[in-house]
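> Structure file protein-v7.tsv (TSV, C-alpha atoms and all ligand atoms) right here:
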```tsv
chain	number	residue	atom	x	y	z
A	121	MET	CA	26.54	75.50	-10.58
A	122	LEU	CA	26.94	78.71	-8.65
A	123	LYS	CA	27.38	78.28	-4.93
A	124	LYS	CA	27.56	81.94	-3.99
A	125	PRO	CA	26.84	85.21	-5.75
A	126	GLU	CA	29.60	86.22	-8.10
A	127	GLU	CA	30.62	89.50	-9.60
A	128	ILE	CA	28.99	90.59	-12.80
A	129	ARG	CA	31.40	91.26	-15.64
A	130	THR	CA	29.23	93.13	-18.08
A	131	THR	CA	25.62	94.08	-18.50
A	132	SER	CA	23.98	94.98	-21.76
A	133	GLN	CA	20.52	95.60	-23.04
A	134	LEU	CA	19.08	92.68	-24.96
A	135	ARG	CA	18.02	93.38	-28.56
A	136	SER	CA	14.34	93.02	-29.25
A	137	SER	CA	15.03	90.13	-31.61
A	138	ASN	CA	16.88	88.33	-28.80
A	139	VAL	CA	14.02	89.03	-26.42
A	140	ARG	CA	11.71	87.40	-28.93
A	141	GLY	CA	14.05	84.42	-29.07
A	142	LEU	CA	14.08	84.19	-25.30
A	143	LYS	CA	10.29	84.27	-25.16
A	144	SER	CA	9.92	81.51	-27.70
A	145	ALA	CA	12.55	79.41	-25.92
A	146	MET	CA	10.56	79.74	-22.70
A	147	LEU	CA	7.33	78.74	-24.43
A	148	GLU	CA	8.88	75.74	-26.12
A	149	GLY	CA	7.00	72.71	-24.91
A	150	HIS	CA	5.03	74.78	-22.43
A	151	PRO	CA	2.16	76.48	-24.24
A	152	GLU	CA	0.39	77.02	-20.89
A	153	MET	CA	2.82	79.87	-20.38
A	154	GLU	CA	1.57	81.75	-23.44
A	155	PRO	CA	-0.99	84.06	-21.73
A	156	TYR	CA	1.59	85.19	-19.19
A	157	ILE	CA	4.75	85.59	-21.20
A	158	ASP	CA	4.23	89.29	-21.82
A	159	LEU	CA	3.84	89.85	-18.08
A	160	LEU	CA	7.48	88.89	-17.73
A	161	PHE	CA	8.66	91.45	-20.22
A	162	PRO	CA	6.76	94.68	-19.60
A	163	LYS	CA	7.11	97.08	-22.50
A	164	GLN	CA	8.37	100.02	-20.44
A	165	HIS	CA	11.37	98.11	-19.08
A	166	SER	CA	14.30	96.82	-21.03
A	167	VAL	CA	15.69	93.33	-20.68
A	168	ILE	CA	19.27	93.31	-19.43
A	169	GLU	CA	21.72	90.51	-19.96
A	170	ALA	CA	24.44	90.11	-17.36
A	171	LYS	CA	27.59	88.04	-17.83
A	172	LEU	CA	29.64	86.79	-14.93
A	173	LYS	CA	33.36	87.20	-14.34
A	174	ALA	CA	35.87	84.41	-14.85
A	175	PRO	CA	35.92	81.57	-13.93
A	176	HIS	CA	32.15	81.70	-14.41
A	177	ASN	CA	32.33	83.26	-17.84
A	178	ASN	CA	30.18	80.50	-19.30
A	179	LEU	CA	27.26	81.77	-17.23
A	180	SER	CA	24.92	84.63	-17.90
A	181	PHE	CA	21.43	85.64	-16.93
A	182	THR	CA	18.76	88.09	-17.95
A	183	TYR	CA	16.74	90.36	-15.74
A	184	VAL	CA	14.01	92.94	-16.02
A	185	GLU	CA	13.99	95.64	-13.41
A	186	LYS	CA	14.88	93.77	-10.22
A	187	THR	CA	13.76	90.31	-11.25
A	188	ILE	CA	15.96	87.65	-12.76
A	189	ILE	CA	14.13	85.95	-15.61
A	190	SER	CA	16.37	83.33	-17.10
A	191	ILE	CA	19.78	81.79	-16.53
A	192	HIS	CA	21.99	80.65	-19.38
A	193	CYS	CA	24.87	78.22	-19.32
A	194	GLU	CA	26.39	77.58	-22.69
A	195	ASP	CA	23.54	76.09	-24.71
A	196	ILE	CA	21.04	75.53	-21.92
A	197	MET	CA	18.52	77.98	-20.54
A	198	PHE	CA	16.25	77.76	-17.53
A	199	PRO	CA	14.05	80.13	-15.52
A	200	HIS	CA	15.04	81.60	-12.19
A	201	LEU	CA	13.41	79.81	-9.23
A	202	LYS	CA	11.40	82.85	-8.19
A	203	LEU	CA	9.89	82.95	-11.66
A	204	LEU	CA	9.14	79.23	-11.55
A	205	HIS	CA	7.44	79.76	-8.19
A	206	LYS	CA	5.10	82.23	-9.85
A	207	PHE	CA	4.36	79.96	-12.81
A	208	PRO	CA	4.91	76.40	-11.61
A	209	PHE	CA	3.66	74.93	-14.90
A	210	MET	CA	6.74	76.23	-16.75
A	211	LEU	CA	8.57	72.94	-16.20
A	212	LYS	CA	7.83	69.29	-15.65
A	213	LYS	CA	7.88	68.33	-12.01
A	214	MET	CA	10.07	65.71	-10.40
A	215	GLN	CA	9.41	65.14	-6.74
A	216	VAL	CA	12.03	63.94	-4.26
A	217	ASP	CA	11.25	62.44	-0.87
A	218	LYS	CA	11.74	64.33	2.38
A	219	GLY	CA	15.13	62.84	3.08
A	220	ALA	CA	16.60	64.26	-0.11
A	221	ILE	CA	15.60	67.89	0.48
A	222	ARG	CA	18.57	68.72	2.66
A	223	PHE	CA	21.02	67.46	0.05
A	224	VAL	CA	19.37	69.17	-2.89
A	225	ILE	CA	19.35	72.49	-1.02
A	226	GLY	CA	23.05	71.92	-0.43
A	227	GLY	CA	23.57	71.72	-4.18
A	228	ALA	CA	23.86	67.96	-4.64
A	229	ASN	CA	22.51	66.22	-7.71
A	230	VAL	CA	19.27	64.32	-7.26
A	231	MET	CA	19.84	60.62	-6.78
A	232	ALA	CA	17.45	58.17	-8.37
A	233	PRO	CA	16.39	56.40	-5.13
A	234	GLY	CA	14.96	59.67	-3.78
A	235	LEU	CA	12.68	59.90	-6.81
A	236	VAL	CA	11.31	56.35	-6.85
A	237	SER	CA	10.78	55.95	-3.09
A	238	ALA	CA	7.32	56.36	-1.53
A	239	GLY	CA	7.75	60.11	-1.11
A	240	GLY	CA	8.97	60.68	-4.64
A	241	ALA	CA	7.03	61.11	-7.88
A	242	ILE	CA	8.19	61.49	-11.46
A	243	GLU	CA	6.60	62.24	-14.77
A	244	GLU	CA	7.80	61.32	-18.23
A	245	ALA	CA	10.83	63.28	-19.38
A	246	LYS	CA	13.70	62.77	-21.77
A	247	GLN	CA	17.38	62.82	-20.97
A	248	GLY	CA	18.65	66.41	-21.04
A	249	GLU	CA	15.28	67.96	-20.31
A	250	ILE	CA	15.10	70.83	-17.81
A	251	VAL	CA	12.78	69.99	-14.90
A	252	ALA	CA	11.52	71.49	-11.67
A	253	ILE	CA	12.59	69.63	-8.54
A	254	MET	CA	9.74	69.51	-6.06
A	255	ALA	CA	9.71	67.99	-2.59
A	256	GLU	CA	7.46	65.69	-0.60
A	257	GLY	CA	5.08	67.74	1.52
A	258	LYS	CA	6.08	71.09	-0.01
A	259	THR	CA	4.19	73.22	-2.50
A	260	HIS	CA	7.01	75.06	-4.20
A	261	ALA	CA	10.02	73.96	-6.19
A	262	LEU	CA	13.34	73.81	-4.39
A	263	ALA	CA	15.61	73.44	-7.39
A	264	ILE	CA	15.85	73.27	-11.15
A	265	GLY	CA	17.74	70.48	-12.78
A	266	ARG	CA	18.57	68.67	-16.00
A	267	MET	CA	17.66	65.04	-16.49
A	268	MET	CA	20.80	62.93	-16.63
A	269	LYS	CA	18.69	59.92	-17.64
A	270	SER	CA	15.21	59.55	-19.01
A	271	THR	CA	12.33	58.84	-16.65
A	272	GLU	CA	12.13	55.36	-18.09
A	273	GLU	CA	15.75	54.64	-17.28
A	274	ILE	CA	15.32	55.97	-13.75
A	275	ARG	CA	12.36	53.66	-13.21
A	276	SER	CA	14.06	50.60	-14.62
A	277	ASN	CA	17.35	51.16	-12.83
A	278	PRO	CA	16.91	53.46	-9.85
A	279	THR	CA	20.53	53.91	-8.82
A	280	GLY	CA	23.04	56.72	-8.98
A	281	ALA	CA	22.57	60.34	-9.92
A	282	ALA	CA	19.44	61.08	-11.95
A	283	ILE	CA	19.07	64.86	-12.20
A	284	GLU	CA	21.86	67.37	-12.41
A	285	ASN	CA	21.27	70.21	-9.96
A	286	LEU	CA	21.54	73.47	-11.89
A	287	HIS	CA	19.96	76.02	-9.60
A	288	TYR	CA	18.63	75.64	-6.05
A	289	LEU	CA	17.27	77.66	-3.15
A	290	ASN	CA	19.93	79.81	-1.51
A	291	ASP	CA	22.51	79.30	-4.25
A	292	GLY	CA	24.39	82.08	-6.02
A	293	PHE	CA	21.61	82.88	-8.45
A	294	TRP	CA	19.10	83.03	-5.62
A	295	LYS	CA	21.20	85.52	-3.68
A	296	MET	CA	22.54	87.41	-6.67
A	297	GLU	CA	22.56	91.16	-6.22
A	298	LEU	CA	21.60	93.11	-9.27
A	299	PRO	CA	23.25	96.38	-10.20
A	300	SER	CA	20.90	99.31	-9.78
B	269	MET	CA	-11.44	77.85	-6.42
B	270	GLU	CA	-9.48	78.75	-9.49
B	271	THR	CA	-5.81	79.44	-9.09
B	272	ILE	CA	-4.63	82.82	-10.25
B	273	TYR	CA	-1.22	83.24	-11.78
B	274	PRO	CA	1.33	84.53	-11.02
B	275	LEU	CA	1.17	82.62	-7.73
B	276	GLN	CA	1.93	84.64	-4.65
B	277	VAL	CA	4.66	82.91	-2.68
B	278	THR	CA	5.43	83.99	0.86
B	279	TYR	CA	9.16	84.45	1.21
B	280	CYS	CA	10.68	84.62	4.65
B	281	PRO	CA	12.27	88.03	5.21
B	282	ILE	CA	14.91	86.49	7.46
B	283	CYS	CA	16.37	83.78	5.24
B	284	THR	CA	14.72	84.78	1.88
B	285	LEU	CA	13.49	81.20	1.25
B	286	PRO	CA	9.84	80.28	0.73
B	287	VAL	CA	8.54	79.97	4.29
B	288	GLU	CA	7.97	76.22	3.94
B	289	TYR	CA	11.73	75.80	3.39
B	290	CYS	CA	12.84	77.86	6.41
B	291	GLU	CA	13.44	74.62	8.28
B	292	TYR	CA	16.23	73.87	5.79
B	293	GLY	CA	17.61	77.40	5.88
B	294	PRO	CA	20.77	78.54	7.63
B	295	ASP	CA	19.02	79.49	10.91
B	296	PHE	CA	15.50	78.20	11.43
B	297	ASN	CA	15.29	79.58	14.95
B	298	ALA	CA	15.82	83.11	13.72
B	299	CYS	CA	12.96	82.62	11.26
B	300	LYS	CA	10.58	81.14	13.85
B	301	LYS	CA	9.79	84.45	15.47
B	302	TRP	CA	8.64	85.93	12.20
B	303	ILE	CA	6.73	82.80	11.22
B	304	ALA	CA	4.97	82.67	14.60
B	305	ASN	CA	3.65	86.18	14.10
B	306	ASN	CA	2.94	86.12	10.39
B	307	CYS	CA	2.14	82.68	9.05
B	308	PRO	CA	2.15	79.97	11.73
B	309	GLU	CA	-0.05	77.84	9.45
B	310	ALA	CA	3.07	76.96	7.44
B	311	TYR	CA	4.24	74.69	10.27
B	312	PRO	CA	1.13	73.26	11.95
B	313	GLU	CA	3.27	70.79	13.90
B	314	LEU	CA	5.01	73.70	15.64
B	315	ALA	CA	1.82	75.51	16.69
B	316	GLU	CA	2.57	74.95	20.37
B	317	GLU	CA	6.05	76.35	20.11
B	318	PHE	CA	4.82	79.36	18.16
B	319	GLU	CA	2.37	80.18	20.96
B	320	LYS	CA	5.25	80.15	23.41
B	321	ILE	CA	7.37	82.35	21.17
B	322	LYS	CA	4.53	84.84	20.94
B	323	LEU	CA	4.55	85.01	24.72
B	324	GLY	CA	8.18	85.99	24.61
B	325	GLU	CA	9.93	82.65	25.03
B	326	GLU	CA	13.07	81.96	23.03
B	327	PRO	CA	12.84	79.19	20.39
B	328	ALA	CA	14.06	75.82	21.54
B	329	PRO	CA	17.57	75.08	20.27
B	330	ILE	CA	17.45	72.79	17.26
B	331	GLU	CA	18.57	69.19	17.55
B	332	GLU	CA	21.66	67.46	16.25
B	333	ALA	CA	25.11	68.35	15.12
B	334	LYS	CA	24.64	71.94	14.06
B	335	ALA	CA	26.97	73.39	16.66
B	336	PRO	CA	30.18	71.55	15.67
B	337	VAL	CA	29.64	72.64	12.08
B	338	GLN	CA	29.61	76.27	13.08
B	339	ALA	CA	32.46	76.19	15.54
B	340	PRO	CA	35.33	75.73	13.07
B	341	THR	CA	34.08	78.44	10.72
B	342	LYS	CA	34.11	80.86	13.61
B	343	LYS	CA	37.69	79.97	14.41
B	344	VAL	CA	38.82	80.69	10.89
B	345	LYS	CA	37.26	84.13	10.96
B	346	PHE	CA	38.17	86.47	13.81
B	347	GLU	CA	40.13	84.73	16.51
B	348	GLY	CA	43.26	86.67	17.38
B	349	PRO	CA	42.40	90.24	18.24
B	350	LYS	CA	45.54	91.83	16.88
B	351	GLN	CA	46.99	90.55	13.68
B	352	VAL	CA	47.93	91.85	10.30
B	353	LYS	CA	46.51	90.08	7.33
B	354	ILE	CA	48.21	90.01	3.97
B	355	ALA	CA	45.88	88.88	1.24
B	356	LEU	CA	46.14	88.49	-2.49
B	357	LEU	CA	43.13	89.89	-4.29
B	358	LYS	CA	42.20	89.51	-7.93
B	359	ARG	CA	41.41	92.33	-10.26
B	360	GLY	CA	40.24	90.98	-13.54
B	361	ALA	CA	41.72	87.79	-14.87
B	362	THR	CA	45.41	88.60	-14.80
B	363	LYS	CA	45.95	91.43	-12.33
B	364	ASN	CA	46.60	91.04	-8.65
B	365	ILE	CA	46.48	93.29	-5.65
B	366	THR	CA	48.17	92.72	-2.32
B	367	ALA	CA	46.03	93.97	0.53
B	368	ILE	CA	47.37	94.53	4.03
B	369	SER	CA	44.70	94.92	6.68
B	370	GLY	CA	44.82	95.26	10.44
B	371	LEU	CA	47.76	97.66	10.58
B	372	LYS	CA	45.55	100.24	12.25
B	373	ASP	CA	45.24	98.10	15.37
B	374	PHE	CA	48.97	98.49	15.88
B	375	GLY	CA	48.72	102.27	15.76
B	376	ILE	CA	50.58	102.58	12.49
B	377	ASP	CA	50.05	105.61	10.30
B	378	LEU	CA	48.69	104.03	7.15
B	379	LYS	CA	49.55	106.88	4.83
B	380	ALA	CA	53.17	107.00	5.97
B	381	GLU	CA	53.49	103.24	5.72
B	382	ALA	CA	52.03	103.29	2.23
B	383	LYS	CA	54.61	105.83	1.23
B	384	ASN	CA	57.39	103.63	2.65
B	385	ILE	CA	56.14	100.67	0.71
B	386	ARG	CA	55.80	102.69	-2.45
B	387	LYS	CA	59.43	103.67	-2.21
B	388	LYS	CA	60.76	100.31	-1.18
B	389	PHE	CA	58.87	98.18	-3.71
B	390	ALA	CA	58.57	100.81	-6.43
B	391	CYS	CA	54.95	100.01	-7.02
B	392	GLY	CA	51.60	101.71	-6.79
B	393	CYS	CA	50.33	101.65	-3.25
B	394	SER	CA	47.40	103.39	-1.65
B	395	VAL	CA	45.26	103.45	1.46
B	396	VAL	CA	41.82	101.96	0.92
B	397	ASP	CA	39.50	102.21	3.92
B	398	ASP	CA	41.53	100.68	6.74
B	399	SER	CA	43.94	98.70	4.64
B	400	ILE	CA	46.86	99.31	2.35
B	401	GLU	CA	46.69	97.97	-1.18
B	402	LEU	CA	49.66	97.38	-3.44
B	403	GLN	CA	49.45	96.82	-7.12
B	404	GLY	CA	50.73	93.42	-8.12
B	405	ASN	CA	51.52	90.31	-6.15
B	406	SER	CA	53.98	91.21	-3.41
B	407	VAL	CA	52.64	89.03	-0.62
B	408	ASN	CA	55.97	87.49	0.29
B	409	GLN	CA	57.95	90.70	0.04
B	410	VAL	CA	55.44	92.51	2.21
B	411	TYR	CA	55.67	89.73	4.75
B	412	ASP	CA	59.44	90.05	4.92
B	413	HIS	CA	59.28	93.81	4.98
B	414	LEU	CA	56.80	93.99	7.86
B	415	SER	CA	58.45	91.29	9.92
B	416	GLU	CA	61.72	93.18	9.57
B	417	ILE	CA	60.48	96.55	10.79
B	418	TYR	CA	57.88	95.28	13.23
B	419	PRO	CA	59.33	92.09	14.69
B	420	ASP	CA	56.52	91.72	17.28
B	421	MET	CA	53.73	91.90	14.79
B	422	LYS	CA	51.57	88.83	14.19
B	423	LEU	CA	51.40	88.34	10.44
B	424	VAL	CA	48.97	86.11	8.61
B	425	ILE	CA	49.00	85.37	4.92
B	426	GLU	CA	45.48	84.79	3.75
B	427	GLU	CA	44.97	82.35	0.95
B	428	GLU	CA	41.99	83.07	-1.20
B	429	GLY	CA	39.70	80.09	-0.57
B	430	GLY	CA	41.91	77.63	-2.41
B	431	LYS	CA	41.39	79.51	-5.64
B	432	LYS	CA	44.11	79.07	-8.18
B	433	LYS	CA	45.78	81.85	-10.08
B	434	VAL	CA	44.39	83.32	-13.28
B	435	ASN	CA	42.26	80.39	-14.47
B	436	LYS	CA	41.61	81.91	-17.85
B	437	GLY	CA	38.64	80.46	-19.63
B	438	SER	CA	38.18	77.47	-17.39
B	439	LYS	CA	34.67	76.12	-17.10
B	440	LYS	CA	32.52	76.07	-13.92
C	1	ZN	ZN	13.24	81.83	7.04
```
Write the structure described by the file as structure tokens, please.
Ligand SMILES: [Zn+2]

Amino acid sequence: MLKKPEEIRTTSQLRSSNVRGLKSAMLEGHPEMEPYIDLLFPKQHSVIEAKLKAPHNNLSFTYVEKTIISIHCEDIMFPHLKLLHKFPFMLKKMQVDKGAIRFVIGGANVMAPGLVSAGGAIEEAKQGEIVAIMAEGKTHALAIGRMMKSTEEIRSNPTGAAIENLHYLNDGFWKMELPS
Amino acid sequence: METIYPLQVTYCPICTLPVEYCEYGPDFNACKKWIANNCPEAYPELAEEFEKIKLGEEPAPIEEAKAPVQAPTKKVKFEGPKQVKIALLKRGATKNITAISGLKDFGIDLKAEAKNIRKKFACGCSVVDDSIELQGNSVNQVYDHLSEIYPDMKLVIEEEGGKKKVNKGSKK
């Protein structure tokens, strides 16, 4: 989605009602996150929303201090990878085999064969769901994606692209420099 | 043992990735030195090599076709020592700036040249660091102008990474 860091167009402080909305969106479907959610938004720091310049004006993200919290693209929202690394239970996990890692880190979508092979592993998820992309033999997520098909469909017909790659290690959001 | 959240992830200070992903990073060899000294357990299969690195040996060059990938990018960057680059930069969605860099290598007084250009093209023009910037898109005029007064000068017009003009409101 964002290959390299792009310039920020505007930054603005998020209203407290919007912060509440953001919190509840992050908790949706992941109640395990509940005890930690306030850690992400310490009271003494404000939440800043940053919008990117054209042609990426459909993208925005929020950050607190020096940490990016969430990334927004039109109607979808997902956590930044560093945040997911801290709380790996935030998203369902889809594991690709070793051979796929290189491609996913390059920004490619996850292909179904890499998920159903011996090194892959998938759990139940619906089409459109945001998931963590894990890798065979690794502990931490390497990307965040959106299911292009349901898990069931992937299992029954393991061909073609299965998960849209939204955010991956070393992409623009990973390297994004925040204004001080 | 119970896991405590938030998890502490070791990020490599060289390539910024979690250490376990260094091998997929832009330059694994550069990371190896740090890994050898700080967390060799991340790559048990490389234990032998890490011992050697600790003794001062350079990391073994990594396999396969990495070299040919890097060669062309180098060529595009800084090949010719003396050349003047004319580039079109974007300011906002609709405004352009023409930047001329490299004039200094030819011993040209940037301020005086900026003044010339200001007069000739009747546009805002100023010296920014080591380059001259004109307001508006005057790439072709600048090219003609410079090749006229400095016939020996090597001029390059730099396209901005295949980006198209303006692109108002386009997605992704
Ligand atoms: Zn590294």
> Which polymer residues have any atom within 8 Å of an atom of Arg266 in chain A, counting all atoms listed in the file, with same-chain residues fewer than 5 positions away left out, as an MDAnalysis selection string?
chainID A and resid 247:251 283:286
> How would you write, as an MDAnalysis selection string, the set of residues no farther than 12 Å from ligand ZN 1 (chain C) when counting all atoms listed in the file?
(chainID A and resid 289:290) or (chainID B and resid 278:304 306:307 310:311)
> Measure the distance from CA of Ile385 in chain B to CA of Arg359 in chain B in Å and round it to one decimal.
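CA of Arg359 in chain B lies 20.2 Å from CA of Ile385 in chain B.
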> Using all atoms listed in the file, find the residues of chain A whose closest atom to chain B is at most 6 Å away, then write them as a PyMOL selection string.
chain A and resi 175-176+206-207
> Provide the CA of Ser406 in chain B to CA of Thr366 in chain B distance in Å, to one decimal place.
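Pair CA of Ser406 in chain B / CA of Thr366 in chain B returns 6.1 Å.
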> Given the point (30.8, 78.1, -3.2) in the file's coordinates, find the residues that have an atom at most 10 Å from it, counting all atoms listed in the file, and give them as a list in words.
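Counting all atoms listed in the file, I find these residues within 10 Å of (30.8, 78.1, -3.2): Met121, Leu122, Lys123, Lys124, Pro125, Glu126, Gly227, Asp291 and Gly292 of chain A; Gly429 of chain B.
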> Could you tell me which of B:Met421, B:Ile321, B:Ala328, B:Ile354 comes closest to Ile368 in chain B if we count all atoms listed in the file?
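So, comparing all the options, the nearest one is B:Ile354.
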> With a distance cut-off of 7 Å and only C-alpha atoms, select the neighbouring residues of Glu256 in chain A, excluding the residue or stretch itself and same-chain residues fewer than 5 positions from it, and output the selection as a PyMOL selection string.
chain A and resi 215-218+239-240
> Please produce range 222-231 of chain A, completed to all heavy atoms, as a short mmCIF file (atom, residue, chain, number, x, y, z; two decimals), keeping the file's coordinate frame.

```cif
data_model
loop_
_atom_site.label_atom_id
_atom_site.label_comp_id
_atom_site.auth_asym_id
_atom_site.auth_seq_id
_atom_site.Cartn_x
_atom_site.Cartn_y
_atom_site.Cartn_z
N ARG A 222 17.37 68.11 2.08
CA ARG A 222 18.57 68.72 2.66
C ARG A 222 19.74 68.70 1.67
O ARG A 222 20.49 69.66 1.56
CB ARG A 222 18.93 67.95 3.93
CG ARG A 222 19.92 68.58 4.84
CD ARG A 222 19.93 67.86 6.18
NE ARG A 222 18.69 68.06 6.94
CZ ARG A 222 18.42 69.17 7.63
NH1 ARG A 222 19.30 70.14 7.68
NH2 ARG A 222 17.29 69.30 8.29
N PHE A 223 19.88 67.59 0.96
CA PHE A 223 21.02 67.46 0.05
C PHE A 223 20.85 68.33 -1.18
O PHE A 223 21.80 68.94 -1.66
CB PHE A 223 21.19 65.99 -0.37
CG PHE A 223 21.46 65.10 0.81
CD1 PHE A 223 20.46 64.30 1.33
CD2 PHE A 223 22.71 65.08 1.42
CE1 PHE A 223 20.69 63.50 2.44
CE2 PHE A 223 22.96 64.29 2.52
CZ PHE A 223 21.95 63.49 3.03
N VAL A 224 19.62 68.37 -1.69
CA VAL A 224 19.37 69.17 -2.89
C VAL A 224 19.58 70.65 -2.58
O VAL A 224 20.17 71.39 -3.37
CB VAL A 224 17.94 68.91 -3.43
CG1 VAL A 224 17.66 69.81 -4.62
CG2 VAL A 224 17.80 67.45 -3.83
N ILE A 225 19.15 71.09 -1.41
CA ILE A 225 19.35 72.49 -1.02
C ILE A 225 20.84 72.78 -0.83
O ILE A 225 21.28 73.91 -0.94
CB ILE A 225 18.53 72.82 0.24
CG1 ILE A 225 17.11 73.20 -0.20
CG2 ILE A 225 19.14 73.94 1.06
CD1 ILE A 225 16.24 73.80 0.85
N GLY A 226 21.61 71.74 -0.55
CA GLY A 226 23.05 71.92 -0.43
C GLY A 226 23.74 71.91 -1.78
O GLY A 226 24.94 72.11 -1.86
N GLY A 227 22.99 71.65 -2.85
CA GLY A 227 23.57 71.72 -4.18
C GLY A 227 23.87 70.37 -4.81
O GLY A 227 24.38 70.30 -5.92
N ALA A 228 23.54 69.30 -4.11
CA ALA A 228 23.86 67.96 -4.64
C ALA A 228 22.91 67.59 -5.78
O ALA A 228 21.78 68.06 -5.84
CB ALA A 228 23.74 66.93 -3.52
N ASN A 229 23.38 66.76 -6.67
CA ASN A 229 22.51 66.22 -7.71
C ASN A 229 21.46 65.32 -7.09
O ASN A 229 21.67 64.76 -6.01
CB ASN A 229 23.33 65.43 -8.73
CG ASN A 229 24.21 66.33 -9.56
OD1 ASN A 229 23.97 67.55 -9.65
ND2 ASN A 229 25.25 65.76 -10.14
N VAL A 230 20.34 65.17 -7.79
CA VAL A 230 19.27 64.32 -7.26
C VAL A 230 19.59 62.87 -7.60
O VAL A 230 19.86 62.53 -8.74
CB VAL A 230 17.92 64.72 -7.88
CG1 VAL A 230 16.82 63.80 -7.38
CG2 VAL A 230 17.61 66.17 -7.56
N MET A 231 19.56 62.03 -6.56
CA MET A 231 19.84 60.62 -6.78
C MET A 231 18.53 59.88 -7.09
O MET A 231 17.48 60.21 -6.53
CB MET A 231 20.48 60.02 -5.52
CG MET A 231 21.73 60.76 -5.07
SD MET A 231 22.95 60.94 -6.37
CE MET A 231 24.02 59.58 -5.98
#
```
